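Written out below as structure tokens is the structure these notes cover.
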There are 2 protein chains.
Amino acid sequence: MSRRQNATIKEVAEQAGVSQMTVSRVLNQRSLVKEATRLKVEAAIEALNYRPNMLARGLAGGKSMLIGLVYYNPSSGYLSELLVGALKTCRELGHHLMLEDLSEIEEGTDTSEIAMRLRKIGLDGLILTPPLSANKALIRLMSDAGVRTVLVSHEDPTGQFSSVVFDDTAAAHSMTEYLIEHGHKRIGFITGPAEHPSSLSRKEGFERAMAEHGLDLDPGMVVEGDFTFRSGMELTEKLLSASQAPTAIFASNDDMAAGVIAAAHRRSLKVPGDLSVVGFDDTAISAAIWPQLTTVRQPISEIARRAVTLLSENNLKKDAEVDVKADYIDTVDIIERESVSDPR
Amino acid sequence: MSRRQNATIKEVAEQAGVSQMTVSRVLNQRSLVKEATRLKVEAAIEALNYRPNMLARGLAGGKSMLIGLVYYNPSSGYLSELLVGALKTCRELGHHLMLEDLSEIEEGTDTSEIAMRLRKIGLDGLILTPPLSANKALIRLMSDAGVRTVLVSHEDPTGQFSSVVFDDTAAAHSMTEYLIEHGHKRIGFITGPAEHPSSLSRKEGFERAMAEHGLDLDPGMVVEGDFTFRSGMELTEKLLSASQAPTAIFASNDDMAAGVIAAAHRRSLKVPGDLSVVGFDDTAISAAIWPQLTTVRQPISEIARRAVTLLSENNLKKDAEVDVKADYIDTVDIIERESVSDPR
DNA sequence: GTGAAAGCGCTAACAC
DNA sequence: GTGTTAGCGCTTTCAC
């Protein structure tokens, strides 16, 4: 079954008694092929267990891209979903993925050095994930270098690059309403770090929902975390030490929500009995911990799929023809698990 | 800078005033090229910002493989490290990676159906990760189908396939000694699930170290988990409820260790003051939680690298010439963080 | 609808 | 050391 000894299009053509071209047409279902011919070809494909060779296809077609996926300190749950989505889409579309891990980069490295490194590789396209997708200097440099780029989770303020944007505001809004419906009135909110564009959106969604329901928004109930478990833990201490403690805490990602639960337990509080906790993203950790976390789903692997697709669509176009668009994902799914109940 | 409008080897050859072949030789540093010629070629490459086309290379060389990476319910920390390692190595070696996620497979699906699905894809090589790498029926089927396969974390009992094996026993042994050196005598151990081959090895390492140091091994201090956070939590309850509670708990992976810490906190125990906790793997979670986890490092991405390399080495060989070997990784690194202290 | 010829960018094999 | 000739497996272009 190995590819090495595998059938080529030529053999399929011979077996079916047609030309290579016809086989190719059947494969790509482009122009019309007579039903009878198609059947013959399909039979030959089946008989020979033929699989088209991706490399030859890419080379001949001339549309295969080398796509760079750039990340900086993502949570492993985020990264693995992202990779799975990107990899599958690249395969379907005949592209190739190259990872660029910027996490180890020294503090204070010049953005232009990063850009240089990215350019050196000779990529046909680039996917920038947060917080890099919010780095204006980097975006400008890639744009100057003429590197086709797609931004994840943040729109390009300069309007040159396309982006795939999840509606963080709507998601946070829904989740807040979910908590309110459960009877919570005093809700603590842990934001993400300021350099992540989505942090602000999530906070806005939360605040808007609170305001719409006429609920008081004590400024002390909104604290800034950095998306780590640890910060979730530490900030929960702070939130719970307030003169009037919250009955629920909404963390801007799952890792921090896990930290919230840990901190609550350390204080001998029951979750959700004494404190309801919700997260954001629906990454692997949310189902792994105890109690399992109620959270909003961010379809990370779908986002990766769309980013690759956007790049692919503009691949053969000239720079002037490239259409820049923001691909919005606005389906909001609240994944109900075990970390929410009505307040005491 | 885009590949599309980029220089080809032909242009480089013209610019340097040599033949394509010479450029190719410089690129692949195979046979000897005169210093002066090499310099000329390198200058041309630099001037044109030339990048070799991977597709063309793979096609012409005829040694590019499509490698399938098969997994079943891995922790996301494990999966992301695995993907990063495999992806980078594939790129270097000019291979292509295809993911096959078997997690969603229905309980009780016939192994032969899985094998069929794997064969259909037309892979040139397969990497089986645990617990699939311990599935004898699957191994036999892939072997019957003639699919070149490498097993991760488990040797092939039939001796037909190569494997990359981390020395779990030695690692667990070292970690146990580390705990003993800290003065712990009563240590609880949480194993992995029985279907994971490494579970037994890790337990053996633990038991051997205990025995070597003349320490009592209360059978009640060894319990079986399933690698999830939740099982770590639940089993800790059990361990701590024993008439004589342990002063330290060694969990067979980091997720469970995180669960141990959570359970300890729930009981208002301080870690490491009241209970020392250690994990296994050094996945992302170990540095994310609080207190940060002391753990043994399993070089997952190096393991993936070696698995891809093994496949690659045997790529062009005939079946008879393939050399089967177990690639042992026996460097043991204990990553000291914050979850261990001397017992009270 | 279908086929023949050319060539994508590179490397293998052999010549010189 | 270096150049020449083929050809990897497919798609494109343009015939028919």
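Lettering and numbering for the structure tokens are positional, with chains as A, B, ... in the shown order, residues counted from 1 in each chain, and ligands counted from 1 in the shown order.
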Pick out the residues sitting within 9 Å of Thr309 in chain A, and hand them over as a PyMOL selection string; count only C-alpha atoms (C1' of nucleotides), and ignore anything fewer than 6 positions along from it in its own chain. chain A and resi 89-90+93
Would you export the selected residues with C-alpha atoms as an mmCIF file, in the first residue's frame, please?
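Result written to part_14.cif:
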data_model
loop_
_atom_site.group_PDB
_atom_site.id
_atom_site.type_symbol
_atom_site.label_atom_id
_atom_site.label_comp_id
_atom_site.auth_asym_id
_atom_site.auth_seq_id
_atom_site.Cartn_x
_atom_site.Cartn_y
_atom_site.Cartn_z
ATOM 1 C CA THR A 89 -7.005 22.734 6.224
ATOM 2 C CA CYS A 90 -3.535 22.992 4.761
ATOM 3 C CA LEU A 93 -5.982 22.820 0.222
#
From a backbone DSSP assignment, name each residue in range 196-323 of chain A labelled alpha helix (DSSP H), as a PyMOL selection string. chain A and resi 197-212+229-240+254-266+285-288+300-313
Name the residues of range 90-337 of chain A that come out as strand (DSSP E or B) in a backbone DSSP run; write them as a ChimeraX atom specification. /A:96-101,125-128,149-152,162-166,187-191,222-224,248-251,276-281,294-297,326-329,333-335
Grab the residues selected above and save them as a short mmCIF file (atom, residue, chain, number, x, y, z; two decimals), in the first residue's frame with N, CA and C atoms.
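In the end it all went to selection-v2.cif:
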data_model
loop_
_atom_site.label_atom_id
_atom_site.label_comp_id
_atom_site.auth_asym_id
_atom_site.auth_seq_id
_atom_site.Cartn_x
_atom_site.Cartn_y
_atom_site.Cartn_z
N HIS A 96 1.31 24.07 2.87
CA HIS A 96 2.26 23.53 3.83
C HIS A 96 2.43 24.48 4.98
N LEU A 97 2.54 23.91 6.14
CA LEU A 97 2.58 24.73 7.34
C LEU A 97 3.96 24.73 7.97
N MET A 98 4.34 25.89 8.38
CA MET A 98 5.62 26.03 9.06
C MET A 98 5.36 26.78 10.35
N LEU A 99 5.91 26.27 11.44
CA LEU A 99 5.65 26.92 12.72
C LEU A 99 6.76 27.89 13.05
N GLU A 100 6.39 28.95 13.62
CA GLU A 100 7.39 29.91 14.08
C GLU A 100 7.03 30.26 15.52
N ASP A 101 7.84 29.76 16.43
CA ASP A 101 7.57 29.97 17.85
C ASP A 101 8.38 31.16 18.33
N GLY A 125 2.73 33.08 2.87
CA GLY A 125 1.64 33.62 3.66
C GLY A 125 1.95 33.48 5.13
N LEU A 126 1.30 34.29 5.92
CA LEU A 126 1.62 34.32 7.33
C LEU A 126 0.33 34.40 8.13
N ILE A 127 0.27 33.65 9.21
CA ILE A 127 -0.86 33.77 10.13
C ILE A 127 -0.32 34.26 11.46
N LEU A 128 -0.80 35.39 11.89
CA LEU A 128 -0.37 35.97 13.16
C LEU A 128 -1.44 35.72 14.21
N THR A 149 -0.67 38.37 4.82
CA THR A 149 -0.85 38.03 6.22
C THR A 149 -2.32 37.99 6.62
N VAL A 150 -2.65 37.09 7.52
CA VAL A 150 -3.99 37.07 8.09
C VAL A 150 -3.84 37.18 9.60
N LEU A 151 -4.67 38.02 10.18
CA LEU A 151 -4.62 38.27 11.61
C LEU A 151 -5.70 37.47 12.33
N VAL A 152 -5.32 36.83 13.40
CA VAL A 152 -6.30 36.07 14.18
C VAL A 152 -6.74 36.89 15.39
N SER A 162 -6.43 40.83 5.99
CA SER A 162 -7.67 40.20 6.41
C SER A 162 -7.51 39.66 7.83
N SER A 163 -8.63 39.35 8.42
CA SER A 163 -8.57 38.81 9.77
C SER A 163 -9.73 37.85 10.02
N VAL A 164 -9.56 37.01 11.00
CA VAL A 164 -10.63 36.13 11.43
C VAL A 164 -10.92 36.53 12.87
N VAL A 165 -12.11 36.99 13.07
CA VAL A 165 -12.42 37.56 14.38
C VAL A 165 -13.61 36.87 15.03
N PHE A 166 -13.38 36.43 16.23
CA PHE A 166 -14.46 35.83 17.01
C PHE A 166 -15.14 36.96 17.75
N ILE A 187 -20.98 39.92 40.49
CA ILE A 187 -20.13 39.04 39.69
C ILE A 187 -18.74 39.65 39.54
N GLY A 188 -17.73 38.85 39.84
CA GLY A 188 -16.35 39.31 39.66
C GLY A 188 -15.90 38.98 38.24
N PHE A 189 -15.09 39.85 37.68
CA PHE A 189 -14.63 39.60 36.31
C PHE A 189 -13.11 39.72 36.24
N ILE A 190 -12.48 38.70 35.68
CA ILE A 190 -11.03 38.74 35.51
C ILE A 190 -10.72 38.92 34.04
N THR A 191 -10.13 40.03 33.69
CA THR A 191 -9.85 40.29 32.28
C THR A 191 -8.56 39.59 31.87
N VAL A 222 -13.69 44.15 38.95
CA VAL A 222 -13.03 43.88 37.67
C VAL A 222 -11.52 43.98 37.85
N VAL A 223 -10.83 42.87 37.65
CA VAL A 223 -9.38 42.85 37.87
C VAL A 223 -8.67 42.32 36.63
N GLU A 224 -7.42 42.70 36.48
CA GLU A 224 -6.70 42.29 35.26
C GLU A 224 -5.73 41.14 35.49
N ALA A 248 -20.23 34.94 42.04
CA ALA A 248 -19.77 34.26 40.82
C ALA A 248 -18.55 35.00 40.28
N ILE A 249 -17.66 34.25 39.64
CA ILE A 249 -16.51 34.88 38.99
C ILE A 249 -16.44 34.40 37.55
N PHE A 250 -16.28 35.37 36.66
CA PHE A 250 -16.19 35.11 35.23
C PHE A 250 -14.75 35.42 34.84
N ALA A 251 -14.02 34.37 34.44
CA ALA A 251 -12.63 34.58 34.04
C ALA A 251 -12.56 34.61 32.52
N SER A 276 -19.88 30.38 42.05
CA SER A 276 -19.99 29.87 40.68
C SER A 276 -18.80 30.41 39.88
N VAL A 277 -18.32 29.61 38.95
CA VAL A 277 -17.15 30.03 38.17
C VAL A 277 -17.39 29.71 36.70
N VAL A 278 -17.09 30.66 35.83
CA VAL A 278 -17.17 30.36 34.40
C VAL A 278 -15.91 30.83 33.70
N GLY A 279 -15.62 30.16 32.60
CA GLY A 279 -14.41 30.47 31.85
C GLY A 279 -14.73 30.92 30.44
N PHE A 280 -13.73 30.86 29.60
CA PHE A 280 -13.89 31.33 28.23
C PHE A 280 -12.91 30.56 27.36
N ASP A 281 -13.38 29.98 26.29
CA ASP A 281 -12.60 29.28 25.25
C ASP A 281 -13.03 27.84 25.01
N THR A 294 -18.06 25.34 33.32
CA THR A 294 -19.01 25.90 32.37
C THR A 294 -18.29 27.05 31.68
N THR A 295 -18.36 27.08 30.36
CA THR A 295 -17.52 28.04 29.63
C THR A 295 -18.14 28.40 28.28
N VAL A 296 -17.64 29.44 27.64
CA VAL A 296 -18.11 29.80 26.29
C VAL A 296 -17.14 29.19 25.31
N ARG A 297 -17.67 28.63 24.28
CA ARG A 297 -16.80 27.99 23.30
C ARG A 297 -16.25 28.98 22.29
N ALA A 326 -12.75 40.99 7.01
CA ALA A 326 -12.75 40.47 8.37
C ALA A 326 -13.80 39.37 8.41
N ASP A 327 -13.35 38.19 8.72
CA ASP A 327 -14.25 37.05 8.75
C ASP A 327 -14.77 36.91 10.18
N TYR A 328 -16.02 37.29 10.38
CA TYR A 328 -16.57 37.26 11.73
C TYR A 328 -17.18 35.92 12.09
N ILE A 329 -16.88 35.48 13.28
CA ILE A 329 -17.51 34.28 13.78
C ILE A 329 -18.38 34.70 14.94
N ASP A 333 -21.68 29.70 21.73
CA ASP A 333 -22.16 28.49 22.41
C ASP A 333 -21.68 28.48 23.86
N ILE A 334 -22.65 28.42 24.73
CA ILE A 334 -22.28 28.27 26.14
C ILE A 334 -22.29 26.78 26.47
N ILE A 335 -21.15 26.31 26.92
CA ILE A 335 -21.03 24.89 27.25
C ILE A 335 -21.31 24.73 28.73
#
Contact residues around Ser174 in chain B with only C-alpha atoms (C1' of nucleotides) at 8 Å, ignoring same-chain residues under 6 positions, as a PyMOL selection string: chain B and resi 205+209+332+334
Output N, CA and C atoms for every residue in that selection, as a short mmCIF file (atom, residue, chain, number, x, y, z; two decimals), in the first residue's frame.
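Saved file part14.cif follows:
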data_model
loop_
_atom_site.label_atom_id
_atom_site.label_comp_id
_atom_site.auth_asym_id
_atom_site.auth_seq_id
_atom_site.Cartn_x
_atom_site.Cartn_y
_atom_site.Cartn_z
N GLY B 205 9.58 1.49 38.46
CA GLY B 205 10.68 2.36 38.88
C GLY B 205 10.47 2.83 40.31
N ALA B 209 12.84 1.68 43.57
CA ALA B 209 13.55 2.66 44.38
C ALA B 209 13.18 2.52 45.85
N VAL B 332 17.54 11.44 32.17
CA VAL B 332 16.47 11.75 33.10
C VAL B 332 16.72 13.13 33.71
N ILE B 334 15.18 15.88 36.28
CA ILE B 334 14.16 16.25 37.25
C ILE B 334 14.09 17.77 37.27
#
Counting only C-alpha atoms, collect the residues of chain B whose closest atom lies at most 7 Å from chain A, and write them out as a PyMOL selection string. chain B and resi 1-3+51+55-56+58-59+76-77+79-80+122-124+145-147+228-230+262+265-266+268+284+288-290
Closest atom pairs, residues of chain A within 8 Å of chain C, only C-alpha atoms (C1' of nucleotides), as JSON lines:
{"residue": "A:Ser19", "atom": "CA", "partner": "C:DG3", "partner_atom": "C1'", "distance": 6.3}
{"residue": "A:Met21", "atom": "CA", "partner": "C:DG3", "partner_atom": "C1'", "distance": 7.3}
{"residue": "A:Thr22", "atom": "CA", "partner": "C:DT2", "partner_atom": "C1'", "distance": 6.9}
{"residue": "A:Leu32", "atom": "CA", "partner": "C:DG1", "partner_atom": "C1'", "distance": 7.1}
{"residue": "A:Val33", "atom": "CA", "partner": "C:DG1", "partner_atom": "C1'", "distance": 6.3}
{"residue": "A:Lys34", "atom": "CA", "partner": "C:DG1", "partner_atom": "C1'", "distance": 6.9}
{"residue": "A:Leu59", "atom": "CA", "partner": "C:DC8", "partner_atom": "C1'", "distance": 5.3}
{"residue": "A:Ala60", "atom": "CA", "partner": "C:DC8", "partner_atom": "C1'", "distance": 4.6}
{"residue": "A:Gly61", "atom": "CA", "partner": "C:DC8", "partner_atom": "C1'", "distance": 7.3}
{"residue": "A:Gly62", "atom": "CA", "partner": "C:DC8", "partner_atom": "C1'", "distance": 6.6}
Create the file for the chosen residues now, containing C-alpha atoms and written as a CSV table (one decimal), in the first residue's frame.
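What landed in again.csv:
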chain,number,residue,atom,x,y,z
A,19,SER,CA,-5.8,9.7,-21.2
A,21,MET,CA,-6.1,14.3,-18.6
A,22,THR,CA,-9.4,12.6,-18.3
A,32,LEU,CA,-17.6,17.8,-17.6
A,33,VAL,CA,-16.7,14.2,-18.1
A,34,LYS,CA,-19.2,11.7,-19.6
A,59,LEU,CA,4.2,21.7,-8.3
A,60,ALA,CA,2.2,21.4,-11.5
A,61,GLY,CA,-0.6,23.6,-10.3
A,62,GLY,CA,1.7,26.2,-8.9
Chain B contacts on chain D, only C-alpha atoms (C1' of nucleotides), 9 Å, as a CSV table (one decimal) with N, CA and C atoms (P, O5', C5', C4', C3', O3' and C1' of nucleotides), in the first residue's frame:
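File written: iface02.csv
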chain,number,residue,atom,x,y,z
D,1,DG,P,38.0,19.2,-5.9
D,1,DG,O5',36.9,20.2,-6.4
D,1,DG,C5',35.9,19.7,-7.2
D,1,DG,C4',35.8,20.6,-8.4
D,1,DG,C3',34.5,21.3,-8.5
D,1,DG,O3',34.7,22.5,-9.3
D,1,DG,C1',34.6,19.6,-10.2
D,2,DT,P,33.6,23.6,-9.5
D,2,DT,O5',32.7,23.1,-10.7
D,2,DT,C5',33.1,23.3,-12.0
D,2,DT,C4',32.3,22.6,-13.0
D,2,DT,C3',30.8,23.0,-13.0
D,2,DT,O3',30.6,23.8,-14.1
D,2,DT,C1',31.2,20.6,-13.3
D,3,DG,P,29.2,24.4,-14.6
D,3,DG,O5',28.8,23.3,-15.7
D,3,DG,C5',29.5,23.2,-16.9
D,3,DG,C4',28.9,22.1,-17.7
D,3,DG,C3',27.5,22.3,-18.1
D,3,DG,O3',27.3,22.0,-19.5
D,3,DG,C1',27.7,20.2,-17.1
D,7,DG,P,13.5,9.7,-19.7
D,7,DG,O5',12.8,10.2,-18.4
D,7,DG,C5',13.3,9.7,-17.1
D,7,DG,C4',12.7,10.5,-16.0
D,7,DG,C3',11.2,10.6,-16.1
D,7,DG,O3',10.6,10.3,-14.9
D,7,DG,C1',12.2,12.7,-15.7
D,8,DC,P,9.2,9.6,-14.8
D,8,DC,O5',8.9,9.9,-13.2
D,8,DC,C5',9.8,9.5,-12.2
D,8,DC,C4',9.6,10.5,-11.0
D,8,DC,C3',8.1,10.8,-10.9
D,8,DC,O3',7.6,10.0,-9.8
D,8,DC,C1',9.5,12.8,-10.7
D,9,DG,P,6.4,8.9,-10.2
D,9,DG,O5',5.1,9.9,-10.2
D,9,DG,C5',4.7,10.5,-9.0
D,9,DG,C4',3.7,11.6,-9.3
D,9,DG,C3',2.5,11.1,-10.1
D,9,DG,O3',1.4,11.7,-9.5
D,9,DG,C1',3.5,13.0,-11.2
Interatomic distance, CA of Arg208 in chain B to CA of His173 in chain B (Å, one decimal): 6.9 Å
